[in-house]
Amino acid sequence: MQLTNRSKEVSNKQMTLAEKMYLPAIAQGLAITIKHFFAKKVTVPYPEVKRYLGPVFRGHHILKRDEEGRERCTACGLCAVACPAEAISMVAAERKKGEENLYREEKYAAVYEINMLRCIFCGLCEEACPKQAVYLRHDEFVPIFTERDEVIYGKDKLVEKMDARYIRNNPDAQATPTEPSYSRLSS
Amino acid sequence: MNTTELIIKGILIVVLFGVTLLIAMYSTWAERKVAGFIQDRFGPNRAGPGGIFQPLADAGKMFFKEDFIPSQANKWLFILGPCLAILTALMSSAVIPFGESIRYEELLIPVQGIEINIGILYVFGVVSLGVYGLMVGGWASNNKFSLLGAIRAASQNISYEIGFGLSIIAILMMTGSLSIRAIVESQHGFAWNLFNQPLGFIIFLTCAFAECNRTPFDLPECETELVGGYHTEYSSMKLGFYLFAEYINMFVSSAIISSLYFGGYNYPGMDWVRETLTGSLGAATGHNLATLIGTIVLFGKIFFFIFFFMWVRWTLPRFRYDQLMNLGWKTFIPLSILNVVVTGFGLLFDIKYASWAIIIVMVIMVMVSSARAPKPVVQPQRT
């Protein structure tokens with residue numbers, strides 16, 4: 001039975017003198033390795049050089065606002081249902097008069113929390129969301145945490161900042177800043 | 001020998017000793033760097049710029065590890081093993097001429113630990129002693145795998161010492177002296193022994209690989225068959241000494257190969273350099289500067305051979321043990337005897353390049369045998 005086209009039959013034939021001397025084969029091998037010696041290295045020296053992880057990378061969660069700056073989330077709870085790790089929880093509230101510039105629909109999430117210890121970054125919340133409110137950023141990691149009370153991310157960390165809008169197809173993004181730094185934690 | 005000479009000699013010996021250790025230390029770094037580069041990686045590059053503090057970090061790690069002695073081991077021999085290995089490795093660099101001579105006022109002091117008229121014989125004696133380090137350590141571990149590794153090391157070293165010795169007999173015949181300095185001086189300028197003794201060089205180089213227990217002949221530490229070889233039971237700095245001894249041996253072998261076959265500190269145009277320097281800078285300064293250039297040239301050759309050792313290590317797989325023994329006994333010993341005989345004829349009839357005849361005959365035989373070999377039948381691929 002032949003599994004691939006590249007398989008070769010093993011032969012036990014008598015070696016020629018050149019093969020018995022090893023030297024030509026050794027010279028060939030040395031030539032190959034010296035070629036690799038000067039070849040471009042494939043390693044990415046990580047903390048100094050960061051690769052662009054692509055537009056499909058699933059990183060830090062973000063609760064999007066619409067064009068006028070109103071929160072899109074209506075606290076329908078579909079993301080919480082879709083979440084296989086049960087990381088998302090929320091408390092819904094009714095929009096009051098005068099809050100129309102804050103929330104797009106009549107219902108909004110007063111509390112929206114993601115437990116980052118539970119989250120597996122599968123992106124099912126993003127798929128489940130009917131209002132295109134929750135996204136997983138492709139350009140930012142969730143920073144490391146050293147205390148348990150830093151684990152649960154509330155709306156203060158999740159809602160999109162108006163001065164730093166998130167664009168999925170950002171042509172300027174050349175590299176994913178994958179360095180979760182302590183300085184970002186303390187600020 | 002007066003006081004100034006003694007002081008200069010003392011400084012020289014300390015410097016040579018330090019340089020040997022330093023090069024062995026940085027060989028460990030260079031080995032990993034070369035391995036990385038050959039495998040399209042960077043190698044160690046975290047400790048200091050380009051990873052140059054890596055040997056210090058490694059040494060620190062080695063010192064702080066637990067120094068374990070197995071309860072059933074023979075304690076004194078267990079400690080003696082690595083000591084012998086590193087002692088013999090360090091001893092052999094004493095007779096290698098690293099340069100011509102230092103001129104201080106009217107004194108001419110050769111750049112060499114000690115000039116003895118049996119230099120190469122001394123090297124051989126010390127290298128043979130090196131086996132005891134492995135043998136004693138492997139036996140004292142009271143471990144079958146260690147013992148097997150030690151036996152392998154011993155039998156391999158003994159087998160290859162014959163080819164090793166026979167291959168340089170041709171050189172000794174041409175030079176008429178056992179002193180390494182005399183051998184180097186006979187290759188003045190560009191009259192390197194490599195051009196007279198190509199076959200001897202190949203045999204010597206291969207045997208040097210085997211003597212240093214380097215790949216493709218590193219069967220004593222063949223971890224697929226022997227766990228870890230003769231140093232299975234060793235840890236901490238004792239293991240470090242074994243590994244370090246290997247790198248010192250590599251440096252010494254490179255130095256001897258460069259001295260015997262690549263003209264040591266000789267380089268083309270050295271007379272012109274010496275005359276110009278002594279003419280323009282005065283007798284003492286010019287002479288010392290010319291010596292320094294020669295020493296740098298020698299170290300260039302040594303570094304090339306150290307690199308070659310590493311290059312081969314990361315290219316070739318290990319030989320099988322029967323292949324190793326066949327190569328040593330059935331190929332190198334007859335070939336080197338043939339080389340001695342042909343060189344003798346060459347000396348008798350005053351033909352300088354006589355041993356090229358063997359190479360030419362071998363190349364013709366190779367071509368004939370390749371031509372007569374049955375062509376590989378190309379099997380049609382089923383799709």
# chains A, B, ... in the order shown; residues from 1 in each chain; ligands from 1
call {"tool": "interface_residues", "arguments": {"of": "chain A", "to": "chain B", "cutoff": "9 Å", "atoms": "only C-alpha atoms", "output": "PyMOL selection string"}}
result
chain A and resi 2+4-6+8-9+14-19+21+26+29-30+32-43+45
call {"tool": "residues_around", "arguments": {"residues": "B:Val184", "least_positions_apart": "2", "cutoff": "10 Å", "atoms": "only C-alpha atoms", "output": "ChimeraX atom specification"}}
result
/B:96-97,99-100,175,179-182,186-188,191-193,258-266
call {"tool": "write_last_selection", "arguments": {"atoms": "C-alpha atoms", "output": "PDB file, in the first residue's frame"}}
result
ATOM      1  CA  ILE B  96      52.333  24.940  21.708  1.00  0.00           C
ATOM      2  CA  PRO B  97      54.283  27.839  20.195  1.00  0.00           C
ATOM      3  CA  GLY B  99      54.291  33.116  18.401  1.00  0.00           C
ATOM      4  CA  GLU B 100      57.895  33.656  17.462  1.00  0.00           C
ATOM      5  CA  THR B 175      60.877  17.925   9.519  1.00  0.00           C
ATOM      6  CA  SER B 179      59.642  19.825  18.636  1.00  0.00           C
ATOM      7  CA  ILE B 180      56.491  21.672  17.620  1.00  0.00           C
ATOM      8  CA  ARG B 181      58.460  24.895  17.292  1.00  0.00           C
ATOM      9  CA  ALA B 182      60.845  23.254  14.836  1.00  0.00           C
ATOM     10  CA  SER B 186      60.023  24.548   8.885  1.00  0.00           C
ATOM     11  CA  GLN B 187      56.757  25.845   7.398  1.00  0.00           C
ATOM     12  CA  HIS B 188      58.111  29.388   7.130  1.00  0.00           C
ATOM     13  CA  ALA B 191      55.314  26.382   2.873  1.00  0.00           C
ATOM     14  CA  TRP B 192      52.580  24.861   4.993  1.00  0.00           C
ATOM     15  CA  ASN B 193      52.538  21.123   5.581  1.00  0.00           C
ATOM     16  CA  SER B 258      47.072  24.790  12.907  1.00  0.00           C
ATOM     17  CA  SER B 259      50.664  24.354  14.084  1.00  0.00           C
ATOM     18  CA  LEU B 260      51.289  21.049  12.343  1.00  0.00           C
ATOM     19  CA  TYR B 261      49.470  21.568   9.055  1.00  0.00           C
ATOM     20  CA  PHE B 262      48.580  25.244   8.695  1.00  0.00           C
ATOM     21  CA  GLY B 263      51.919  26.801   9.496  1.00  0.00           C
ATOM     22  CA  GLY B 264      51.173  27.981  13.032  1.00  0.00           C
ATOM     23  CA  TYR B 265      52.113  31.643  13.246  1.00  0.00           C
ATOM     24  CA  ASN B 266      53.498  31.684   9.696  1.00  0.00           C
TER      25      ASN B 266
END
call {"tool": "atom_distance", "arguments": {"atom1": "atom CA of A:Thr74", "atom2": "atom CA of A:Leu158"}}
result
14.8 Å
call {"tool": "residues_around", "arguments": {"residues": "B:Val127", "least_positions_apart": "3", "cutoff": "12 Å", "atoms": "only C-alpha atoms", "output": "VMD selection string"}}
result
chain B and resid 84 to 93 120 to 124 130 to 134 154 157 to 158 160 to 161 164 to 165 208 210 to 213 245 to 246 248 to 250 252 to 253 256
call {"tool": "write_last_selection", "arguments": {"atoms": "C-alpha atoms", "output": "mmCIF file, in the first residue's frame"}}
result
data_model
loop_
_atom_site.group_PDB
_atom_site.id
_atom_site.type_symbol
_atom_site.label_atom_id
_atom_site.label_comp_id
_atom_site.auth_asym_id
_atom_site.auth_seq_id
_atom_site.Cartn_x
_atom_site.Cartn_y
_atom_site.Cartn_z
ATOM 1 C CA LEU B 84 42.123 14.379 35.848
ATOM 2 C CA ALA B 85 40.104 15.306 32.786
ATOM 3 C CA ILE B 86 40.585 19.033 33.244
ATOM 4 C CA LEU B 87 44.198 18.706 34.422
ATOM 5 C CA THR B 88 45.304 16.795 31.334
ATOM 6 C CA ALA B 89 43.308 19.109 29.089
ATOM 7 C CA LEU B 90 45.085 22.160 30.520
ATOM 8 C CA MET B 91 48.559 20.607 30.487
ATOM 9 C CA SER B 92 48.880 20.092 26.764
ATOM 10 C CA SER B 93 48.764 23.762 25.776
ATOM 11 C CA ILE B 120 54.519 16.531 20.001
ATOM 12 C CA LEU B 121 55.345 13.399 21.990
ATOM 13 C CA TYR B 122 54.460 15.284 25.177
ATOM 14 C CA VAL B 123 51.124 16.272 23.662
ATOM 15 C CA PHE B 124 50.420 12.662 22.749
ATOM 16 C CA GLY B 130 43.026 12.261 29.323
ATOM 17 C CA VAL B 131 41.283 8.923 28.839
ATOM 18 C CA TYR B 132 41.946 8.136 32.490
ATOM 19 C CA GLY B 133 39.730 11.027 33.505
ATOM 20 C CA LEU B 134 36.786 9.537 31.645
ATOM 21 C CA ALA B 154 38.688 4.394 26.246
ATOM 22 C CA ASN B 157 40.648 6.932 22.111
ATOM 23 C CA ILE B 158 43.052 4.008 21.969
ATOM 24 C CA TYR B 160 42.221 6.539 17.084
ATOM 25 C CA GLU B 161 45.503 7.313 18.769
ATOM 26 C CA PHE B 164 46.619 9.992 15.021
ATOM 27 C CA GLY B 165 50.237 9.046 15.678
ATOM 28 C CA ALA B 208 41.298 14.811 16.403
ATOM 29 C CA ALA B 210 37.542 11.259 17.733
ATOM 30 C CA GLU B 211 40.104 12.164 20.407
ATOM 31 C CA CYS B 212 38.006 15.133 21.520
ATOM 32 C CA ASN B 213 34.880 12.955 21.651
ATOM 33 C CA ALA B 245 37.666 19.792 29.488
ATOM 34 C CA GLU B 246 36.056 18.923 26.171
ATOM 35 C CA ILE B 248 39.792 22.977 26.224
ATOM 36 C CA ASN B 249 40.682 19.830 24.291
ATOM 37 C CA MET B 250 38.989 21.320 21.275
ATOM 38 C CA VAL B 252 44.292 22.521 22.018
ATOM 39 C CA SER B 253 43.481 20.263 19.061
ATOM 40 C CA ILE B 256 47.945 21.637 17.161
#
call {"tool": "residues_around", "arguments": {"residues": "B:Phe217", "least_positions_apart": "5", "cutoff": "8 Å", "atoms": "only C-alpha atoms", "output": "number ranges by chain"}}
result
B: 209-210, 318-319, 324
call {"tool": "select_by_dssp", "arguments": {"residues": "chain A", "states": "helix (DSSP H, G or I)", "output": "PyMOL selection string"}}
result
chain A and resi 17-20+23-37+78-82+124-128+148-150+155-158+182-186
call {"tool": "residues_around", "arguments": {"residues": "stretch 129-134 of chain A", "least_positions_apart": "6", "cutoff": "8 Å", "atoms": "only C-alpha atoms", "output": "mmCIF file with C-alpha atoms, in the first residue's frame"}}
result
data_model
loop_
_atom_site.group_PDB
_atom_site.id
_atom_site.type_symbol
_atom_site.label_atom_id
_atom_site.label_comp_id
_atom_site.auth_asym_id
_atom_site.auth_seq_id
_atom_site.Cartn_x
_atom_site.Cartn_y
_atom_site.Cartn_z
ATOM 1 C CA HIS A 61 -13.086 42.886 24.961
ATOM 2 C CA ILE A 62 -14.663 46.188 24.062
ATOM 3 C CA LEU A 63 -18.225 47.496 24.327
ATOM 4 C CA LYS A 64 -18.700 49.602 21.232
ATOM 5 C CA ARG A 65 -20.453 52.957 21.034
ATOM 6 C CA GLU A 71 -23.582 52.706 23.995
ATOM 7 C CA ARG A 72 -24.905 49.997 21.712
ATOM 8 C CA CYS A 73 -25.438 47.347 24.386
ATOM 9 C CA THR A 74 -29.072 46.697 25.362
ATOM 10 C CA LEU A 78 -27.364 36.771 24.592
ATOM 11 C CA CYS A 79 -23.612 37.054 25.073
#
call {"tool": "closest_residue", "arguments": {"among": "B:Val297, B:Val273, B:Leu347, B:Ile359", "to": "B:Phe201", "atoms": "only C-alpha atoms"}}
result
B:Ile359
call {"tool": "residues_around", "arguments": {"residues": "A:Lys157", "least_positions_apart": "2", "cutoff": "10 Å", "atoms": "only C-alpha atoms", "output": "mmCIF file with C-alpha atoms, in the first residue's frame"}}
result
data_model
loop_
_atom_site.group_PDB
_atom_site.id
_atom_site.type_symbol
_atom_site.label_atom_id
_atom_site.label_comp_id
_atom_site.auth_asym_id
_atom_site.auth_seq_id
_atom_site.Cartn_x
_atom_site.Cartn_y
_atom_site.Cartn_z
ATOM 1 C CA HIS A 60 -9.280 42.530 24.901
ATOM 2 C CA HIS A 61 -13.086 42.886 24.961
ATOM 3 C CA ILE A 62 -14.663 46.188 24.062
ATOM 4 C CA LEU A 63 -18.225 47.496 24.327
ATOM 5 C CA GLU A 113 -18.762 42.438 33.942
ATOM 6 C CA ILE A 114 -16.419 39.920 32.361
ATOM 7 C CA ILE A 152 -13.326 41.179 36.960
ATOM 8 C CA TYR A 153 -13.504 43.843 34.283
ATOM 9 C CA GLY A 154 -16.371 46.286 34.650
ATOM 10 C CA LYS A 155 -17.758 48.877 32.284
ATOM 11 C CA VAL A 159 -16.633 50.568 27.191
ATOM 12 C CA GLU A 160 -14.974 52.179 24.215
ATOM 13 C CA LYS A 161 -13.278 55.522 24.867
#
call {"tool": "closest_residue", "arguments": {"among": "B:Ile293, B:Ile162, B:Thr343, B:Ser146", "to": "B:Gly228", "atoms": "only C-alpha atoms"}}
result
B:Ser146
call {"tool": "atom_distance", "arguments": {"atom1": "atom CA of B:Ile7", "atom2": "atom CA of B:Gly286"}}
result
21.4 Å
call {"tool": "select_by_dssp", "arguments": {"residues": "stretch 71-250 of chain B", "states": "strand (DSSP E or B)", "output": "NGL selection string"}}
result
:B and (101-104 or 107-110)
call {"tool": "write_last_selection", "arguments": {"atoms": "C-alpha atoms", "output": "PDB file, in the first residue's frame"}}
result
ATOM      1  CA  SER B 101      59.636  35.520  20.268  1.00  0.00           C
ATOM      2  CA  ILE B 102      59.391  38.608  22.448  1.00  0.00           C
ATOM      3  CA  ARG B 103      62.423  40.873  22.351  1.00  0.00           C
ATOM      4  CA  TYR B 104      63.241  42.694  25.585  1.00  0.00           C
ATOM      5  CA  LEU B 107      66.714  38.958  25.362  1.00  0.00           C
ATOM      6  CA  LEU B 108      64.714  36.830  22.931  1.00  0.00           C
ATOM      7  CA  ILE B 109      61.954  34.941  24.734  1.00  0.00           C
ATOM      8  CA  PRO B 110      59.865  32.481  22.702  1.00  0.00           C
TER       9      PRO B 110
END
call {"tool": "closest_residue", "arguments": {"among": "A:Arg104, A:Arg51, A:Arg148, A:Lys97", "to": "A:Met116", "atoms": "only C-alpha atoms"}}
result
A:Arg148
call {"tool": "atom_distance", "arguments": {"atom1": "atom CA of B:Ile114", "atom2": "atom CA of B:Val136"}}
result
29.0 Å
call {"tool": "residues_around", "arguments": {"residues": "A:Asn101", "least_positions_apart": "3", "cutoff": "8 Å", "atoms": "only C-alpha atoms", "output": "number ranges by chain"}}
result
A: 68-70, 98, 104
call {"tool": "write_last_selection", "arguments": {"atoms": "N, CA and C atoms", "output": "PDB file, in the first residue's frame"}}
result
ATOM      1  N   GLU A  68     -22.650  58.309  17.222  1.00  0.00           N
ATOM      2  CA  GLU A  68     -22.908  59.498  18.040  1.00  0.00           C
ATOM      3  C   GLU A  68     -22.410  59.332  19.468  1.00  0.00           C
ATOM      4  N   GLY A  69     -21.742  58.229  19.728  1.00  0.00           N
ATOM      5  CA  GLY A  69     -21.168  58.056  21.056  1.00  0.00           C
ATOM      6  C   GLY A  69     -22.097  57.417  22.046  1.00  0.00           C
ATOM      7  N   ARG A  70     -23.199  56.802  21.582  1.00  0.00           N
ATOM      8  CA  ARG A  70     -24.122  56.151  22.517  1.00  0.00           C
ATOM      9  C   ARG A  70     -23.760  54.670  22.609  1.00  0.00           C
ATOM     10  N   GLY A  98     -33.541  62.160  29.151  1.00  0.00           N
ATOM     11  CA  GLY A  98     -32.305  62.949  29.191  1.00  0.00           C
ATOM     12  C   GLY A  98     -31.045  62.125  29.030  1.00  0.00           C
ATOM     13  N   ARG A 104     -28.259  53.954  23.223  1.00  0.00           N
ATOM     14  CA  ARG A 104     -28.962  53.982  21.968  1.00  0.00           C
ATOM     15  C   ARG A 104     -30.405  53.491  22.122  1.00  0.00           C
TER      16      ARG A 104
END
call {"tool": "decode", "arguments": {"residues": "stretch 78-105 of chain A", "atoms": "N, CA and C atoms", "output": "mmCIF file, in the first residue's frame"}}
result
data_model
loop_
_atom_site.group_PDB
_atom_site.id
_atom_site.type_symbol
_atom_site.label_atom_id
_atom_site.label_comp_id
_atom_site.auth_asym_id
_atom_site.auth_seq_id
_atom_site.Cartn_x
_atom_site.Cartn_y
_atom_site.Cartn_z
ATOM 1 N N LEU A 78 -27.673 37.864 25.518
ATOM 2 C CA LEU A 78 -27.364 36.771 24.592
ATOM 3 C C LEU A 78 -25.883 36.377 24.676
ATOM 4 N N CYS A 79 -25.037 37.378 24.943
ATOM 5 C CA CYS A 79 -23.612 37.054 25.073
ATOM 6 C C CYS A 79 -23.371 36.182 26.283
ATOM 7 N N ALA A 80 -24.067 36.481 27.369
ATOM 8 C CA ALA A 80 -23.906 35.689 28.594
ATOM 9 C C ALA A 80 -24.377 34.259 28.366
ATOM 10 N N VAL A 81 -25.458 34.115 27.557
ATOM 11 C CA VAL A 81 -25.960 32.780 27.266
ATOM 12 C C VAL A 81 -24.980 32.020 26.372
ATOM 13 N N ALA A 82 -24.413 32.771 25.398
ATOM 14 C CA ALA A 82 -23.511 32.113 24.448
ATOM 15 C C ALA A 82 -22.189 31.737 25.099
ATOM 16 N N CYS A 83 -21.817 32.427 26.145
ATOM 17 C CA CYS A 83 -20.485 32.240 26.715
ATOM 18 C C CYS A 83 -20.327 30.836 27.304
ATOM 19 N N PRO A 84 -19.408 30.025 26.760
ATOM 20 C CA PRO A 84 -19.251 28.658 27.268
ATOM 21 C C PRO A 84 -18.581 28.632 28.637
ATOM 22 N N ALA A 85 -17.880 29.697 28.990
ATOM 23 C CA ALA A 85 -17.162 29.709 30.258
ATOM 24 C C ALA A 85 -17.938 30.443 31.341
ATOM 25 N N GLU A 86 -19.108 30.954 30.978
ATOM 26 C CA GLU A 86 -19.958 31.719 31.899
ATOM 27 C C GLU A 86 -19.163 32.838 32.575
ATOM 28 N N ALA A 87 -18.509 33.611 31.733
ATOM 29 C CA ALA A 87 -17.671 34.675 32.260
ATOM 30 C C ALA A 87 -18.410 36.002 32.323
ATOM 31 N N ILE A 88 -19.516 36.116 31.578
ATOM 32 C CA ILE A 88 -20.174 37.417 31.442
ATOM 33 C C ILE A 88 -21.397 37.480 32.356
ATOM 34 N N SER A 89 -21.519 38.598 33.040
ATOM 35 C CA SER A 89 -22.750 38.831 33.807
ATOM 36 C C SER A 89 -23.116 40.299 33.651
ATOM 37 N N MET A 90 -24.409 40.607 33.748
ATOM 38 C CA MET A 90 -24.809 42.001 33.563
ATOM 39 C C MET A 90 -26.081 42.285 34.345
ATOM 40 N N VAL A 91 -26.328 43.552 34.602
ATOM 41 C CA VAL A 91 -27.568 44.015 35.225
ATOM 42 C C VAL A 91 -28.167 45.043 34.283
ATOM 43 N N ALA A 92 -29.419 44.806 33.875
ATOM 44 C CA ALA A 92 -30.047 45.717 32.929
ATOM 45 C C ALA A 92 -30.725 46.854 33.674
ATOM 46 N N ALA A 93 -30.912 47.978 32.963
ATOM 47 C CA ALA A 93 -31.613 49.113 33.556
ATOM 48 C C ALA A 93 -32.350 49.847 32.450
ATOM 49 N N GLU A 94 -33.366 50.618 32.825
ATOM 50 C CA GLU A 94 -34.160 51.354 31.838
ATOM 51 C C GLU A 94 -33.574 52.739 31.649
ATOM 52 N N ARG A 95 -33.597 53.179 30.391
ATOM 53 C CA ARG A 95 -33.034 54.489 30.106
ATOM 54 C C ARG A 95 -33.976 55.569 30.612
ATOM 55 N N LYS A 96 -33.465 56.556 31.332
ATOM 56 C CA LYS A 96 -34.273 57.668 31.855
ATOM 57 C C LYS A 96 -34.353 58.770 30.805
ATOM 58 N N LYS A 97 -35.233 59.700 31.048
ATOM 59 C CA LYS A 97 -35.310 60.876 30.169
ATOM 60 C C LYS A 97 -34.017 61.677 30.283
ATOM 61 N N GLY A 98 -33.541 62.160 29.151
ATOM 62 C CA GLY A 98 -32.305 62.949 29.191
ATOM 63 C C GLY A 98 -31.045 62.125 29.030
ATOM 64 N N GLU A 99 -31.233 60.805 28.956
ATOM 65 C CA GLU A 99 -30.057 59.958 28.772
ATOM 66 C C GLU A 99 -29.952 59.443 27.339
ATOM 67 N N GLU A 100 -30.736 60.036 26.419
ATOM 68 C CA GLU A 100 -30.781 59.541 25.044
ATOM 69 C C GLU A 100 -29.427 59.646 24.364
ATOM 70 N N ASN A 101 -28.592 60.613 24.789
ATOM 71 C CA ASN A 101 -27.275 60.731 24.164
ATOM 72 C C ASN A 101 -26.263 59.748 24.758
ATOM 73 N N LEU A 102 -26.680 59.005 25.801
ATOM 74 C CA LEU A 102 -25.770 58.031 26.407
ATOM 75 C C LEU A 102 -26.035 56.618 25.900
ATOM 76 N N TYR A 103 -27.300 56.250 25.762
ATOM 77 C CA TYR A 103 -27.635 54.874 25.392
ATOM 78 C C TYR A 103 -28.518 54.893 24.160
ATOM 79 N N ARG A 104 -28.259 53.954 23.223
ATOM 80 C CA ARG A 104 -28.962 53.982 21.968
ATOM 81 C C ARG A 104 -30.405 53.491 22.122
ATOM 82 N N GLU A 105 -30.615 52.417 22.902
ATOM 83 C CA GLU A 105 -31.952 51.828 23.042
ATOM 84 C C GLU A 105 -32.530 52.202 24.409
#
